[in-house]
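A quick write-up on the structure given underneath.
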Amino acid sequence: MKTTLLSIGLISALIFFSFISKPQKTEKKEINWLSITEAYQKNQEEPRKIFVDVYTNWCGWCKKMDKETFSDPEVVDMVNEKFYAVKLNAENTEPITMAGDTTTAQMIARSMGVTGYPTIVYIKEDFKTIQPVPGYQNAKKFKDTLEKILEWE
């Protein structure tokens, strides 16, 4: 009888505490994604290297990079501290006005030499020198590439 009462009391206490204790949320780090026009404007005020994630909605490898590479905490920290990060949907045909010119994301992707997805395009602070790197990159490879890009003069 004592064992039964003790068990009921213990179970009741566990149930009570499970309801009142809320699990603490861990803050998930995310890349501060910008539009191409926002990156251009920010670059005018504070020049940084830029990387453009050129993707499409149907691209499986693009989604894998979003989920695995771009969510890696070390990648997020490096990108947010040293780069302007841009997401560019290569199939978007809505007008974009930048530096007095009107274009589309689709035309920008083509002008950067993008032929497959995902492609990461690196742009120097002068917003002119471009280096596209096609294909999926895991977090380690992407971090290594970012470190090399930071060495560009």
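Here, A, B, ... name the chains of the structure tokens in the order displayed, residue numbers run from 1 inside each chain, and ligands are numbered from 1 in the same displayed order.
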Taking the DSSP secondary structure from the backbone, can you list the residues of chain A that are strand (DSSP E), as an MDAnalysis selection string?
chainID A and resid 33:34 49:55 83:89 95:98 101:104 119:123 130:134
Can you spit out the residues from that selection as a tab-separated table (two decimals), in the first residue's frame, using N, CA, C and O atoms?
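Contents of out_20.tsv, freshly written:
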```
chain	number	residue	atom	x	y	z
A	33	TRP	N	20.26	36.95	-44.79
A	33	TRP	CA	20.11	37.01	-46.24
A	33	TRP	C	19.59	38.37	-46.66
A	33	TRP	O	18.71	38.94	-46.02
A	34	LEU	N	20.11	38.88	-47.76
A	34	LEU	CA	19.70	40.16	-48.33
A	34	LEU	C	19.26	39.95	-49.77
A	34	LEU	O	19.63	38.96	-50.40
A	49	LYS	N	32.98	41.75	-49.21
A	49	LYS	CA	32.78	40.78	-50.28
A	49	LYS	C	31.35	40.26	-50.16
A	49	LYS	O	30.74	40.28	-49.10
A	50	ILE	N	30.82	39.82	-51.29
A	50	ILE	CA	29.44	39.37	-51.36
A	50	ILE	C	29.43	37.97	-51.93
A	50	ILE	O	30.21	37.66	-52.82
A	51	PHE	N	28.56	37.13	-51.40
A	51	PHE	CA	28.32	35.87	-52.09
A	51	PHE	C	26.84	35.77	-52.39
A	51	PHE	O	25.99	36.16	-51.60
A	52	VAL	N	26.56	35.28	-53.59
A	52	VAL	CA	25.19	35.16	-54.07
A	52	VAL	C	24.88	33.68	-54.23
A	52	VAL	O	25.55	32.97	-54.99
A	53	ASP	N	23.89	33.22	-53.49
A	53	ASP	CA	23.41	31.84	-53.63
A	53	ASP	C	22.35	31.85	-54.73
A	53	ASP	O	21.23	32.31	-54.53
A	54	VAL	N	22.73	31.37	-55.91
A	54	VAL	CA	21.81	31.32	-57.04
A	54	VAL	C	21.14	29.95	-57.01
A	54	VAL	O	21.81	28.92	-57.09
A	55	TYR	N	19.82	29.96	-56.90
A	55	TYR	CA	19.05	28.74	-56.69
A	55	TYR	C	17.78	28.75	-57.53
A	55	TYR	O	17.45	29.75	-58.18
A	83	PHE	N	30.74	38.90	-44.79
A	83	PHE	CA	30.16	38.97	-46.13
A	83	PHE	C	28.77	39.60	-46.10
A	83	PHE	O	28.14	39.67	-45.06
A	84	TYR	N	28.32	39.98	-47.27
A	84	TYR	CA	26.89	40.21	-47.50
A	84	TYR	C	26.42	38.98	-48.27
A	84	TYR	O	27.00	38.61	-49.28
A	85	ALA	N	25.37	38.35	-47.76
A	85	ALA	CA	24.86	37.12	-48.36
A	85	ALA	C	23.56	37.43	-49.09
A	85	ALA	O	22.66	38.07	-48.54
A	86	VAL	N	23.48	36.97	-50.33
A	86	VAL	CA	22.31	37.23	-51.18
A	86	VAL	C	21.72	35.92	-51.66
A	86	VAL	O	22.44	35.01	-52.06
A	87	LYS	N	20.40	35.83	-51.62
A	87	LYS	CA	19.67	34.71	-52.22
A	87	LYS	C	19.09	35.24	-53.52
A	87	LYS	O	18.44	36.28	-53.55
A	88	LEU	N	19.32	34.52	-54.61
A	88	LEU	CA	18.84	34.95	-55.92
A	88	LEU	C	18.17	33.78	-56.63
A	88	LEU	O	18.84	32.81	-57.01
A	89	ASN	N	16.86	33.87	-56.81
A	89	ASN	CA	16.11	32.84	-57.52
A	89	ASN	C	16.30	33.06	-59.01
A	89	ASN	O	15.81	34.03	-59.57
A	95	PRO	N	10.90	42.66	-62.04
A	95	PRO	CA	11.92	43.71	-62.22
A	95	PRO	C	12.68	44.03	-60.93
A	95	PRO	O	12.10	44.05	-59.85
A	96	ILE	N	13.97	44.25	-61.10
A	96	ILE	CA	14.86	44.67	-60.01
A	96	ILE	C	15.55	45.94	-60.49
A	96	ILE	O	16.14	45.95	-61.58
A	97	THR	N	15.47	47.00	-59.68
A	97	THR	CA	16.16	48.23	-60.04
A	97	THR	C	17.36	48.40	-59.11
A	97	THR	O	17.21	48.37	-57.89
A	98	MET	N	18.53	48.56	-59.75
A	98	MET	CA	19.76	48.67	-58.98
A	98	MET	C	20.71	49.60	-59.73
A	98	MET	O	20.94	49.40	-60.92
A	101	ASP	N	19.59	50.99	-63.10
A	101	ASP	CA	19.24	50.04	-64.17
A	101	ASP	C	18.15	49.10	-63.68
A	101	ASP	O	18.11	48.74	-62.51
A	102	THR	N	17.31	48.67	-64.59
A	102	THR	CA	16.28	47.69	-64.26
A	102	THR	C	16.61	46.38	-64.96
A	102	THR	O	16.93	46.37	-66.15
A	103	THR	N	16.52	45.31	-64.20
A	103	THR	CA	16.85	43.98	-64.72
A	103	THR	C	15.97	42.97	-63.99
A	103	THR	O	15.02	43.34	-63.33
A	104	THR	N	16.29	41.70	-64.09
A	104	THR	CA	15.59	40.65	-63.34
A	104	THR	C	16.63	39.72	-62.71
A	104	THR	O	17.79	39.71	-63.14
A	119	THR	N	24.60	27.42	-57.57
A	119	THR	CA	25.86	28.07	-57.90
A	119	THR	C	26.04	29.22	-56.92
A	119	THR	O	25.12	30.00	-56.70
A	120	ILE	N	27.23	29.30	-56.34
A	120	ILE	CA	27.57	30.42	-55.47
A	120	ILE	C	28.45	31.34	-56.29
A	120	ILE	O	29.45	30.92	-56.87
A	121	VAL	N	28.06	32.61	-56.36
A	121	VAL	CA	28.83	33.60	-57.10
A	121	VAL	C	29.46	34.55	-56.09
A	121	VAL	O	28.77	35.12	-55.24
A	122	TYR	N	30.77	34.69	-56.19
A	122	TYR	CA	31.52	35.57	-55.28
A	122	TYR	C	31.81	36.88	-55.99
A	122	TYR	O	32.25	36.89	-57.14
A	123	ILE	N	31.57	37.97	-55.28
A	123	ILE	CA	31.75	39.30	-55.84
A	123	ILE	C	32.66	40.10	-54.90
A	123	ILE	O	32.44	40.12	-53.69
A	130	ILE	N	33.62	38.84	-60.58
A	130	ILE	CA	32.71	37.75	-60.22
A	130	ILE	C	33.37	36.41	-60.48
A	130	ILE	O	34.03	36.22	-61.49
A	131	GLN	N	33.18	35.48	-59.53
A	131	GLN	CA	33.67	34.11	-59.69
A	131	GLN	C	32.55	33.14	-59.32
A	131	GLN	O	32.22	33.01	-58.15
A	132	PRO	N	31.92	32.48	-60.31
A	132	PRO	CA	30.89	31.50	-59.97
A	132	PRO	C	31.51	30.14	-59.60
A	132	PRO	O	32.48	29.71	-60.21
A	133	VAL	N	30.93	29.50	-58.60
A	133	VAL	CA	31.36	28.16	-58.19
A	133	VAL	C	30.11	27.28	-58.18
A	133	VAL	O	29.27	27.38	-57.29
A	134	PRO	N	29.97	26.43	-59.21
A	134	PRO	CA	28.76	25.60	-59.30
A	134	PRO	C	28.82	24.38	-58.40
A	134	PRO	O	29.90	23.90	-58.05
```
Please give the complete set of residues from segment 18-140 of chain A that DSSP, run on the backbone, assigns to alpha helix (DSSP H), formatted as a PyMOL selection string.
chain A and resi 18-20+36-45+60-64+73-82+105-111+139-140
Within 8 Å of Glu68 of chain A, counting only C-alpha atoms, which residues qualify if same-chain residues fewer than 3 places away don't, as a PyMOL selection string?
chain A and resi 64-65+71-72+138-139
Export, as a PDB file, in the first residue's frame, the selected residues with N, CA, C and O atoms.
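The resulting file, again-v4.pdb, is shown below:
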```
ATOM      1  N   LYS A  64      19.330  21.138 -49.991  1.00  0.00           N
ATOM      2  CA  LYS A  64      20.285  20.452 -49.119  1.00  0.00           C
ATOM      3  C   LYS A  64      21.324  21.450 -48.591  1.00  0.00           C
ATOM      4  O   LYS A  64      21.674  21.414 -47.416  1.00  0.00           O
ATOM      5  N   MET A  65      21.783  22.362 -49.440  1.00  0.00           N
ATOM      6  CA  MET A  65      22.727  23.391 -48.969  1.00  0.00           C
ATOM      7  C   MET A  65      22.076  24.295 -47.931  1.00  0.00           C
ATOM      8  O   MET A  65      22.707  24.656 -46.943  1.00  0.00           O
ATOM      9  N   SER A  71      23.129  26.351 -42.539  1.00  0.00           N
ATOM     10  CA  SER A  71      22.675  26.356 -41.147  1.00  0.00           C
ATOM     11  C   SER A  71      23.804  25.981 -40.185  1.00  0.00           C
ATOM     12  O   SER A  71      23.607  26.011 -38.974  1.00  0.00           O
ATOM     13  N   ASP A  72      24.972  25.641 -40.712  1.00  0.00           N
ATOM     14  CA  ASP A  72      26.115  25.308 -39.873  1.00  0.00           C
ATOM     15  C   ASP A  72      26.519  26.554 -39.074  1.00  0.00           C
ATOM     16  O   ASP A  72      26.749  27.614 -39.657  1.00  0.00           O
ATOM     17  N   ASN A 138      29.505  21.044 -49.001  1.00  0.00           N
ATOM     18  CA  ASN A 138      29.183  20.820 -47.595  1.00  0.00           C
ATOM     19  C   ASN A 138      29.766  21.969 -46.768  1.00  0.00           C
ATOM     20  O   ASN A 138      30.479  22.830 -47.296  1.00  0.00           O
ATOM     21  N   ALA A 139      29.478  22.004 -45.493  1.00  0.00           N
ATOM     22  CA  ALA A 139      29.870  23.135 -44.649  1.00  0.00           C
ATOM     23  C   ALA A 139      31.387  23.326 -44.619  1.00  0.00           C
ATOM     24  O   ALA A 139      31.879  24.457 -44.716  1.00  0.00           O
TER      25      ALA A 139
END
```
With a cut-off of 9 Å, could you pull out the residues of segment 28-130 of chain A touching segment 142-147 of chain A and give me the nearest pair of atoms for each, distance in Å to one decimal, using only C-alpha atoms, ordered by chain and ascending number, as JSON lines?
```
{"residue": "A:Phe51", "atom": "CA", "partner": "A:Leu146", "partner_atom": "CA", "distance": 9.0}
{"residue": "A:Thr69", "atom": "CA", "partner": "A:Phe142", "partner_atom": "CA", "distance": 7.4}
{"residue": "A:Glu74", "atom": "CA", "partner": "A:Lys143", "partner_atom": "CA", "distance": 8.0}
{"residue": "A:Val75", "atom": "CA", "partner": "A:Lys143", "partner_atom": "CA", "distance": 6.1}
{"residue": "A:Met78", "atom": "CA", "partner": "A:Lys143", "partner_atom": "CA", "distance": 8.0}
{"residue": "A:Val79", "atom": "CA", "partner": "A:Leu146", "partner_atom": "CA", "distance": 8.1}
```
Given only C-alpha atoms as the basis, pick out the residue of A:Asn32, A:Asn92, A:Asn43, A:Gln137 nearest to Lys67 of chain A.
A:Gln137
